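Colleague: Quick one, entry.txt (compact mmCIF, C-alpha atoms):
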# COMPACT_ATOMS: atom_id res chain seq x y z
CA MET Q 1 4.52 -4.63 -9.80
CA ASN Q 2 2.83 -7.96 -10.47
CA THR Q 3 -0.12 -7.82 -8.09
CA GLY Q 4 -1.31 -11.39 -8.70
CA THR Q 5 -5.02 -12.04 -8.10
CA PRO Q 6 -7.03 -8.83 -8.54
CA ALA Q 7 -8.47 -7.41 -5.34
CA THR Q 8 -12.18 -7.90 -4.89
CA THR Q 9 -12.88 -5.30 -2.20
CA VAL Q 10 -11.31 -1.90 -1.56
CA ARG Q 11 -12.15 0.43 1.29
CA ALA Q 12 -10.67 3.77 2.23
CA ILE Q 13 -10.75 4.24 5.99
CA ALA Q 14 -10.40 7.58 7.75
CA ALA Q 15 -9.24 7.45 11.38
CA ARG Q 16 -9.41 10.81 13.12
CA VAL Q 17 -6.90 10.53 15.95
CA THR Q 18 -6.30 14.13 17.06
CA PRO Q 19 -8.04 17.43 16.28
CA ARG Q 20 -5.36 17.98 13.64
CA THR Q 21 -4.63 14.49 12.33
CA THR Q 22 -6.72 12.04 10.33
CA TRP Q 23 -4.96 8.94 9.07
CA ILE Q 24 -6.15 7.57 5.71
CA PHE Q 25 -5.79 3.84 5.14
CA ALA Q 26 -6.40 1.63 2.11
CA ARG Q 27 -7.84 -1.79 2.96
CA VAL Q 28 -7.64 -4.16 0.00
CA SER Q 29 -9.16 -7.66 0.20
CA ALA Q 30 -8.33 -10.50 -2.16
CA ALA Q 31 -10.83 -13.13 -3.25
CA ASP Q 32 -9.46 -15.61 -0.70
CA GLY Q 33 -10.15 -13.19 2.16
CA THR Q 34 -6.56 -12.04 2.65
CA VAL Q 35 -6.39 -8.36 3.57
CA GLY Q 36 -3.60 -5.89 2.85
CA TRP Q 37 -3.18 -2.41 4.28
CA GLY Q 38 -1.68 0.78 2.91
CA GLU Q 39 -1.63 4.40 4.05
CA GLY Q 40 -2.09 7.64 2.13
CA THR Q 41 -2.45 10.22 4.90
CA LEU Q 42 -2.32 13.74 3.46
CA GLU Q 43 -3.05 16.60 5.81
CA GLY Q 44 -6.11 18.65 4.83
CA ARG Q 45 -6.96 16.46 1.84
CA GLY Q 46 -7.90 13.15 3.40
CA ALA Q 47 -11.39 13.00 1.91
CA GLN Q 48 -9.98 13.51 -1.58
CA VAL Q 49 -7.36 10.78 -1.08
CA ALA Q 50 -10.00 8.39 0.24
CA ALA Q 51 -12.21 8.99 -2.80
CA ALA Q 52 -9.28 8.37 -5.13
CA ILE Q 53 -8.36 5.11 -3.34
CA GLU Q 54 -11.85 3.77 -3.86
CA ALA Q 55 -11.90 5.00 -7.45
CA PHE Q 56 -8.78 2.95 -8.20
CA GLY Q 57 -10.60 -0.15 -6.98
CA GLY Q 58 -7.41 -1.99 -6.13
CA ARG Q 59 -5.97 -1.67 -9.63
CA LEU Q 60 -3.04 0.68 -10.16
CA PRO Q 61 -2.96 3.07 -13.11
CA ALA Q 62 -0.22 2.42 -15.65
CA SER Q 63 1.87 5.27 -14.25
CA ILE Q 64 2.08 7.19 -11.00
CA PRO Q 65 -0.23 10.24 -11.04
CA GLN Q 66 1.65 13.49 -10.75
CA ASN Q 67 -0.72 15.34 -8.42
CA LEU Q 68 -0.24 14.72 -4.70
CA VAL Q 69 -3.79 13.57 -3.93
CA GLU Q 70 -3.82 10.84 -6.57
CA ALA Q 71 -0.18 9.98 -5.88
CA ALA Q 72 -1.12 9.39 -2.23
CA ALA Q 73 -4.03 7.16 -3.29
CA TYR Q 74 -1.79 5.27 -5.73
CA SER Q 75 0.90 4.86 -3.06
CA ALA Q 76 -1.58 3.61 -0.44
CA THR Q 77 -3.02 1.08 -2.88
CA GLU Q 78 0.44 -0.07 -3.95
CA GLN Q 79 1.46 -0.63 -0.31
CA ALA Q 80 -1.71 -2.64 0.34
CA LEU Q 81 -1.06 -4.84 -2.69
CA TRP Q 82 2.50 -5.53 -1.50
CA ASP Q 83 1.08 -6.36 1.93
CA LEU Q 84 -1.38 -8.79 0.33
CA ARG Q 85 1.42 -10.44 -1.59
CA ALA Q 86 3.64 -10.82 1.49
CA ARG Q 87 0.82 -12.27 3.57
CA ALA Q 88 -0.14 -14.70 0.85
CA ALA Q 89 3.49 -15.84 0.61
CA GLY Q 90 3.85 -16.08 4.39
CA ARG Q 91 7.04 -14.03 4.20
CA PRO Q 92 8.16 -10.71 5.71
CA LEU Q 93 7.58 -7.77 3.41
CA ALA Q 94 11.29 -6.90 3.52
CA ASP Q 95 12.06 -10.27 1.88
CA LEU Q 96 9.94 -9.33 -1.12
CA LEU Q 97 11.64 -5.93 -1.33
CA GLY Q 98 15.08 -7.47 -1.82
CA GLY Q 99 15.80 -8.89 1.60
CA ALA Q 100 16.39 -7.34 5.00
CA ARG Q 101 19.93 -6.04 5.52
CA ARG Q 102 19.28 -5.50 9.23
CA SER Q 103 16.91 -6.98 11.80
CA ARG Q 104 16.25 -3.63 13.49
CA VAL Q 105 15.97 -0.16 11.98
CA ALA Q 106 17.40 2.86 13.77
CA LEU Q 107 14.89 5.67 14.24
CA TYR Q 108 14.90 9.35 14.96
CA ALA Q 109 12.07 10.75 17.05
CA ASN Q 110 9.96 13.44 15.42
CA ILE Q 111 8.52 15.04 18.57
CA ASN Q 112 6.84 17.98 16.86
CA ARG Q 113 3.17 16.98 16.69
CA GLY Q 114 3.22 15.40 20.11
CA THR Q 115 4.55 18.63 21.62
CA THR Q 116 1.29 20.35 22.47
CA ASP Q 117 3.01 22.71 24.92
CA ARG Q 118 4.73 24.88 22.32
CA THR Q 119 6.84 26.82 24.81
CA ALA Q 120 10.59 26.39 24.82
CA GLU Q 121 10.31 24.33 28.00
CA GLY Q 122 7.63 22.18 26.35
CA PHE Q 123 10.08 21.29 23.57
CA ALA Q 124 12.86 20.69 26.09
CA ARG Q 125 10.71 18.36 28.17
CA ARG Q 126 9.72 16.28 25.16
CA ALA Q 127 13.33 16.13 23.94
CA ARG Q 128 14.47 14.84 27.32
CA GLU Q 129 11.75 12.18 27.27
CA ALA Q 130 12.80 10.98 23.80
CA VAL Q 131 16.49 10.81 24.69
CA ALA Q 132 15.66 8.85 27.83
CA LEU Q 133 13.94 6.27 25.59
CA GLY Q 134 17.15 5.77 23.63
CA PHE Q 135 16.58 7.79 20.47
CA GLY Q 136 19.88 8.94 19.00
CA ALA Q 137 18.37 11.88 17.14
CA ILE Q 138 15.43 14.20 17.77
CA LYS Q 139 13.59 16.34 15.20
CA ILE Q 140 11.54 19.45 15.88
CA ALA Q 141 9.72 21.95 13.68
CA PRO Q 142 10.00 25.09 15.80
CA PHE Q 143 9.12 27.85 13.34
CA ASP Q 144 5.31 27.80 13.50
CA ASN Q 145 5.91 30.79 15.76
CA MET Q 146 8.90 32.52 14.22
CA GLU Q 147 9.63 34.71 17.24
CA GLU Q 148 9.99 31.69 19.52
CA GLY Q 149 11.69 29.36 17.04
CA TYR Q 150 15.28 29.87 18.13
CA ALA Q 151 14.37 29.72 21.83
CA ARG Q 152 12.73 26.34 21.21
CA ILE Q 153 15.83 25.06 19.39
CA ALA Q 154 18.13 26.30 22.13
CA ALA Q 155 16.00 24.69 24.84
CA ALA Q 156 15.86 21.35 23.00
CA ALA Q 157 19.62 21.45 22.38
CA GLU Q 158 20.29 22.09 26.06
CA ALA Q 159 17.92 19.28 27.06
CA ILE Q 160 19.68 16.85 24.74
CA ALA Q 161 23.09 18.03 26.00
CA GLY Q 162 25.06 16.14 23.35
CA ARG Q 163 23.36 12.80 24.04
CA ALA Q 164 21.55 12.84 20.68
CA GLU Q 165 21.62 14.77 17.42
CA LEU Q 166 19.20 17.64 16.96
CA GLN Q 167 17.39 17.99 13.63
CA VAL Q 168 15.33 21.01 12.59
CA ASP Q 169 12.54 20.98 10.01
CA CYS Q 170 11.72 24.43 8.63
CA HIS Q 171 8.63 23.42 6.61
CA TRP Q 172 9.66 25.77 3.75
CA ARG Q 173 8.98 28.89 5.86
CA PHE Q 174 11.97 30.97 4.69
CA ASP Q 175 13.09 32.87 1.65
CA PRO Q 176 16.75 32.32 0.65
CA THR Q 177 18.07 35.28 2.66
CA LYS Q 178 16.23 34.32 5.84
CA ALA Q 179 17.19 30.67 5.32
CA HIS Q 180 20.89 31.56 5.42
CA GLU Q 181 20.31 33.45 8.66
CA ALA Q 182 18.39 30.54 10.15
CA LEU Q 183 21.01 28.04 9.06
CA ALA Q 184 23.78 30.05 10.71
CA GLU Q 185 21.87 30.27 13.98
CA CYS Q 186 21.01 26.58 13.91
CA ALA Q 187 24.68 25.73 13.37
CA ARG Q 188 25.60 27.89 16.36
CA LEU Q 189 23.07 25.97 18.48
CA GLY Q 190 24.47 22.58 17.46
CA VAL Q 191 21.86 21.43 14.94
CA THR Q 192 23.18 18.69 12.65
CA TRP Q 193 20.29 18.37 10.14
CA PHE Q 194 18.55 21.32 8.46
CA GLU Q 195 15.41 20.33 6.54
CA CYS Q 196 13.23 22.01 3.88
CA PRO Q 197 14.30 25.62 4.48
CA ILE Q 198 12.78 27.15 1.31
CA PRO Q 199 10.10 26.12 -1.21
CA GLU Q 200 11.37 23.36 -3.48
CA VAL Q 201 10.50 24.91 -6.82
CA PRO Q 202 12.91 24.93 -9.78
CA GLU Q 203 13.65 28.64 -9.52
CA ASN Q 204 14.96 28.01 -5.99
CA TYR Q 205 17.25 25.11 -6.90
CA PRO Q 206 20.41 27.27 -7.17
CA ALA Q 207 19.62 28.79 -3.78
CA ILE Q 208 19.10 25.34 -2.24
CA LYS Q 209 22.47 24.23 -3.57
CA ARG Q 210 24.14 27.27 -2.01
CA LEU Q 211 22.43 26.47 1.29
CA ARG Q 212 23.80 22.94 1.11
CA ALA Q 213 27.34 24.25 0.69
CA LYS Q 214 26.90 26.58 3.65
CA ALA Q 215 25.39 23.80 5.77
CA ASN Q 216 28.23 21.42 4.95
CA ALA Q 217 30.82 24.06 5.80
CA ALA Q 218 29.15 24.38 9.21
CA GLY Q 219 29.10 20.61 9.81
CA MET Q 220 25.41 20.19 9.01
CA ARG Q 221 23.49 18.19 6.43
CA LEU Q 222 20.73 19.62 4.26
CA ALA Q 223 17.66 17.39 3.82
CA GLY Q 224 14.42 17.66 1.87
CA ALA Q 225 12.18 16.43 -0.94
CA GLU Q 226 9.53 14.76 1.24
CA SER Q 227 6.64 15.37 -1.13
CA PHE Q 228 8.24 14.63 -4.51
CA ILE Q 229 6.70 11.95 -6.72
CA GLY Q 230 8.52 9.17 -8.54
CA ALA Q 231 12.14 8.63 -9.44
CA GLU Q 232 11.82 11.11 -12.29
CA GLY Q 233 10.58 13.73 -9.85
CA PHE Q 234 13.69 13.23 -7.73
CA ARG Q 235 16.10 13.11 -10.66
CA PRO Q 236 16.64 16.89 -11.10
CA LEU Q 237 17.34 17.34 -7.37
CA LEU Q 238 19.85 14.52 -7.39
CA GLU Q 239 21.54 15.49 -10.64
CA GLN Q 240 22.02 19.04 -9.38
CA GLY Q 241 23.28 17.93 -5.97
CA LEU Q 242 20.80 19.94 -3.94
CA TYR Q 243 20.66 17.79 -0.81
CA ASP Q 244 22.80 15.58 1.37
CA VAL Q 245 19.70 13.55 2.24
CA VAL Q 246 16.51 13.05 0.24
CA MET Q 247 13.35 11.92 2.02
CA PRO Q 248 10.94 10.03 -0.21
CA ASP Q 249 7.68 9.12 1.50
CA VAL Q 250 6.07 5.76 0.72
CA LYS Q 251 2.70 7.58 0.95
CA TYR Q 252 3.44 10.06 -1.85
CA ALA Q 253 6.42 8.95 -3.93
CA GLY Q 254 4.59 6.07 -5.61
CA GLY Q 255 4.80 3.38 -2.96
CA LEU Q 256 7.40 0.81 -2.03
CA ALA Q 257 8.73 -0.24 -5.42
CA GLU Q 258 9.16 3.36 -6.54
CA CYS Q 259 11.03 4.22 -3.34
CA LEU Q 260 13.45 1.41 -4.16
CA ARG Q 261 14.04 3.00 -7.57
CA ILE Q 262 14.55 6.40 -5.92
CA ALA Q 263 17.06 4.84 -3.53
CA GLU Q 264 19.01 3.35 -6.43
CA LEU Q 265 19.07 6.72 -8.19
CA ALA Q 266 20.15 8.51 -5.01
CA ALA Q 267 23.00 6.05 -4.48
CA ARG Q 268 24.28 6.68 -8.01
CA HIS Q 269 24.48 10.38 -7.15
CA GLY Q 270 26.12 9.89 -3.78
CA CYS Q 271 23.07 11.10 -1.87
CA ALA Q 272 21.76 9.51 1.33
CA ILE Q 273 18.12 8.46 1.67
CA SER Q 274 16.02 8.60 4.84
CA LEU Q 275 12.33 7.85 4.42
CA HIS Q 276 9.86 10.54 5.46
CA ASN Q 277 7.53 8.87 7.97
CA PRO Q 278 5.63 11.24 10.30
CA SER Q 279 2.26 9.54 9.97
CA GLY Q 280 0.31 6.52 11.13
CA PRO Q 281 1.11 2.89 11.98
CA VAL Q 282 0.61 1.42 8.51
CA CYS Q 283 3.05 3.81 6.86
CA HIS Q 284 5.42 3.17 9.75
CA ALA Q 285 5.30 -0.60 9.30
CA HIS Q 286 5.92 -0.38 5.55
CA SER Q 287 8.69 2.17 6.06
CA VAL Q 288 10.47 -0.04 8.60
CA HIS Q 289 10.44 -3.00 6.20
CA LEU Q 290 11.61 -0.86 3.31
CA SER Q 291 14.34 0.79 5.40
CA ALA Q 292 15.57 -2.65 6.44
CA ALA Q 293 15.95 -3.55 2.77
CA LEU Q 294 17.77 -0.34 1.77
CA GLU Q 295 21.54 -0.29 1.51
CA SER Q 296 21.57 3.04 3.32
CA GLY Q 297 21.71 2.79 7.08
CA GLU Q 298 20.13 6.19 7.71
CA ARG Q 299 17.74 6.57 10.61
CA LEU Q 300 14.04 6.36 9.80
CA GLU Q 301 11.67 9.08 10.97
CA TYR Q 302 9.21 8.02 13.67
CA GLN Q 303 6.20 10.04 14.85
CA HIS Q 304 6.86 9.87 18.56
CA GLY Q 305 4.03 10.35 21.01
CA GLU Q 306 1.46 12.18 18.90
CA THR Q 307 -1.32 9.88 20.11
CA PRO Q 308 -1.60 6.52 21.91
CA LYS Q 309 -3.96 5.46 19.10
CA PHE Q 310 -0.83 4.76 17.03
CA PHE Q 311 -0.60 1.44 18.85
CA ASP Q 312 -4.19 1.12 20.12
CA ILE Q 313 -5.59 0.65 16.61
CA ALA Q 314 -2.69 -1.52 15.44
CA PRO Q 315 -2.62 -4.42 17.92
CA GLY Q 316 0.56 -6.41 17.55
CA LEU Q 317 2.67 -3.47 16.37
CA GLU Q 318 5.63 -3.25 18.72
CA ALA Q 319 6.75 0.06 20.17
CA PRO Q 320 10.36 1.06 19.44
CA ALA Q 321 12.98 0.03 21.97
CA GLY Q 322 16.36 1.65 22.44
CA GLY Q 323 15.72 4.03 19.55
CA SER Q 324 15.13 1.31 16.96
CA ALA Q 325 12.27 -0.77 15.57
CA ALA Q 326 12.02 -4.46 14.87
CA LEU Q 327 10.49 -5.50 11.56
CA PRO Q 328 6.73 -5.49 12.24
CA ALA Q 329 4.70 -8.66 11.90
CA PRO Q 330 1.48 -8.34 9.87
CA PHE Q 331 -1.34 -6.63 11.74
CA ASP Q 332 -4.85 -5.37 11.03
CA ILE Q 333 -6.22 -1.96 11.92
CA LYS Q 334 -8.90 -2.21 14.59
CA GLY Q 335 -11.62 0.24 15.57
CA ASP Q 336 -15.19 1.31 14.82
CA PHE Q 337 -14.01 2.73 11.49
CA ALA Q 338 -12.43 -0.59 10.41
Starting from the file, lay out its structure as structure tokens.
Modeller:
Amino acid sequence: MNTGTPATTVRAIAARVTPRTTWIFARVSAADGTVGWGEGTLEGRGAQVAAAIEAFGGRLPASIPQNLVEAAAYSATEQALWDLRARAAGRPLADLLGGARRSRVALYANINRGTTDRTAEGFARRAREAVALGFGAIKIAPFDNMEEGYARIAAAAEAIAGRAELQVDCHWRFDPTKAHEALAECARLGVTWFECPIPEVPENYPAIKRLRAKANAAGMRLAGAESFIGAEGFRPLLEQGLYDVVMPDVKYAGGLAECLRIAELAARHGCAISLHNPSGPVCHAHSVHLSAALESGERLEYQHGETPKFFDIAPGLEAPAGGSAALPAPFDIKGDFA
């Protein structure tokens, strides 16, 4: 990426928004006073990411670091530099990423973090709320309590009642045998998307491919790869046909330009791409612009209802309407930390 004028000021900003969640932003200022924003939120390692952002000083290393902390810092800085460039040009970010193919981006509602009542009825209530707002797909991560996981899925499925698709994120909690059992039960309950069932390490790749075949036979899609770095990191997964959908994250994969390269590689292998986006408003804004520029029309993940601070600290960012998002206009993060 040609970043143009070197940044003169870089700050890493930590915004603690819930007891669990701290968003990490990169604020990069050019010599003319223009400010660009990026996000590198990484649960449990925010302080390390912030330190790495400031160590980069607004200048990207020659290659994407291959550890997740530095990759998050690189990605946040890269996003901020793109934001600077778009603002300086007075053009929407999507234009610089190849041009918007759509004026609104369809979303699916990740209701997991905002579901503080972790009972089955708590999941059902939140699913009903999201469907009422027009979301065509809902995602939950029900297996933090394994004994209640299937009851939560069943309750959410009943609440949705065919009005939206139900997606389940397993957060790598299973071994291959248990994953097959979980997949079969999810298929019985009407789940259409089965995500990250087992750890994504090379020795598990054959097992993941078998899970994909079983999912497809049951009318489901297998999704994953949310924390992989760079196109070369995704290449083995795509070449071996492990997933129906890969989920690069602009916060970890190397930023916006690298996600475009990953999308091109995925398309050559007949794999769909849906950006991983369960974080804060800056990542959301970049992900909406990037999704608008992608050929794929997959829904984009949206962190629904975790905290009202999502919009409070990002004045000007529009809330989704009818299950989709307009391309965000530039905004600045506001608050005591900014």
Colleague: Considering only C-alpha atoms, return as a PyMOL selection string whatever protein or nucleic-acid residues lie within 12 Å of Ala207 (chain Q), sequence-local ones (same chain, fewer than 2 positions apart) excluded.
Modeller: chain Q and resi 174-180+197-205+209-214+240-243
Colleague: Compile the contact shell of Gly162 (chain Q) as a list of chain:residue names: residues with an atom at most 12 Å away, counting only C-alpha atoms, same-chain residues fewer than 2 positions apart removed.
Modeller: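 Listed by chain and then number, they are Q:Ala127, Q:Arg128, Q:Val131, Q:Gly136, Q:Ala137, Q:Ile138, Q:Ala156, Q:Ala157, Q:Glu158, Q:Ala159, Q:Ile160, Q:Ala164, Q:Glu165, Q:Leu166, Q:Leu189, Q:Gly190, Q:Val191, Q:Thr192.
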Colleague: Using all atoms listed in the file, find the one residue out of Q:Ala109, Q:Leu42, Q:Val35, Q:Ala215 that sits nearest to Gly134 (chain Q).
Modeller: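 Once distances to Gly134 (chain Q) are computed over all atoms listed in the file, the minimum belongs to Q:Ala109.
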Colleague: Please list as an NGL selection string every residue within 10 Å of region 53-67 of chain Q, counting all atoms listed in the file and excluding residues in the same chain fewer than 6 positions away.
Modeller: :Q and (1 or 3 or 6-13 or 24-30 or 40 or 47 or 73-78 or 80-81 or 228-230 or 233 or 252-255 or 258)
Colleague: List as a CSV table (one decimal) with C-alpha atoms, in the coordinates of the input: which residues have an atom within 12 Å of (-10.9, 12.0, 12.0), counting all atoms listed in the file?
Modeller:
chain,number,residue,atom,x,y,z
Q,13,ILE,CA,-10.8,4.2,6.0
Q,14,ALA,CA,-10.4,7.6,7.8
Q,15,ALA,CA,-9.2,7.4,11.4
Q,16,ARG,CA,-9.4,10.8,13.1
Q,17,VAL,CA,-6.9,10.5,16.0
Q,18,THR,CA,-6.3,14.1,17.1
Q,19,PRO,CA,-8.0,17.4,16.3
Q,20,ARG,CA,-5.4,18.0,13.6
Q,21,THR,CA,-4.6,14.5,12.3
Q,22,THR,CA,-6.7,12.0,10.3
Q,23,TRP,CA,-5.0,8.9,9.1
Q,24,ILE,CA,-6.2,7.6,5.7
Q,25,PHE,CA,-5.8,3.8,5.1
Q,41,THR,CA,-2.4,10.2,4.9
Q,43,GLU,CA,-3.0,16.6,5.8
Q,44,GLY,CA,-6.1,18.6,4.8
Q,45,ARG,CA,-7.0,16.5,1.8
Q,46,GLY,CA,-7.9,13.2,3.4
Q,47,ALA,CA,-11.4,13.0,1.9
Q,309,LYS,CA,-4.0,5.5,19.1
Q,336,ASP,CA,-15.2,1.3,14.8
Q,337,PHE,CA,-14.0,2.7,11.5
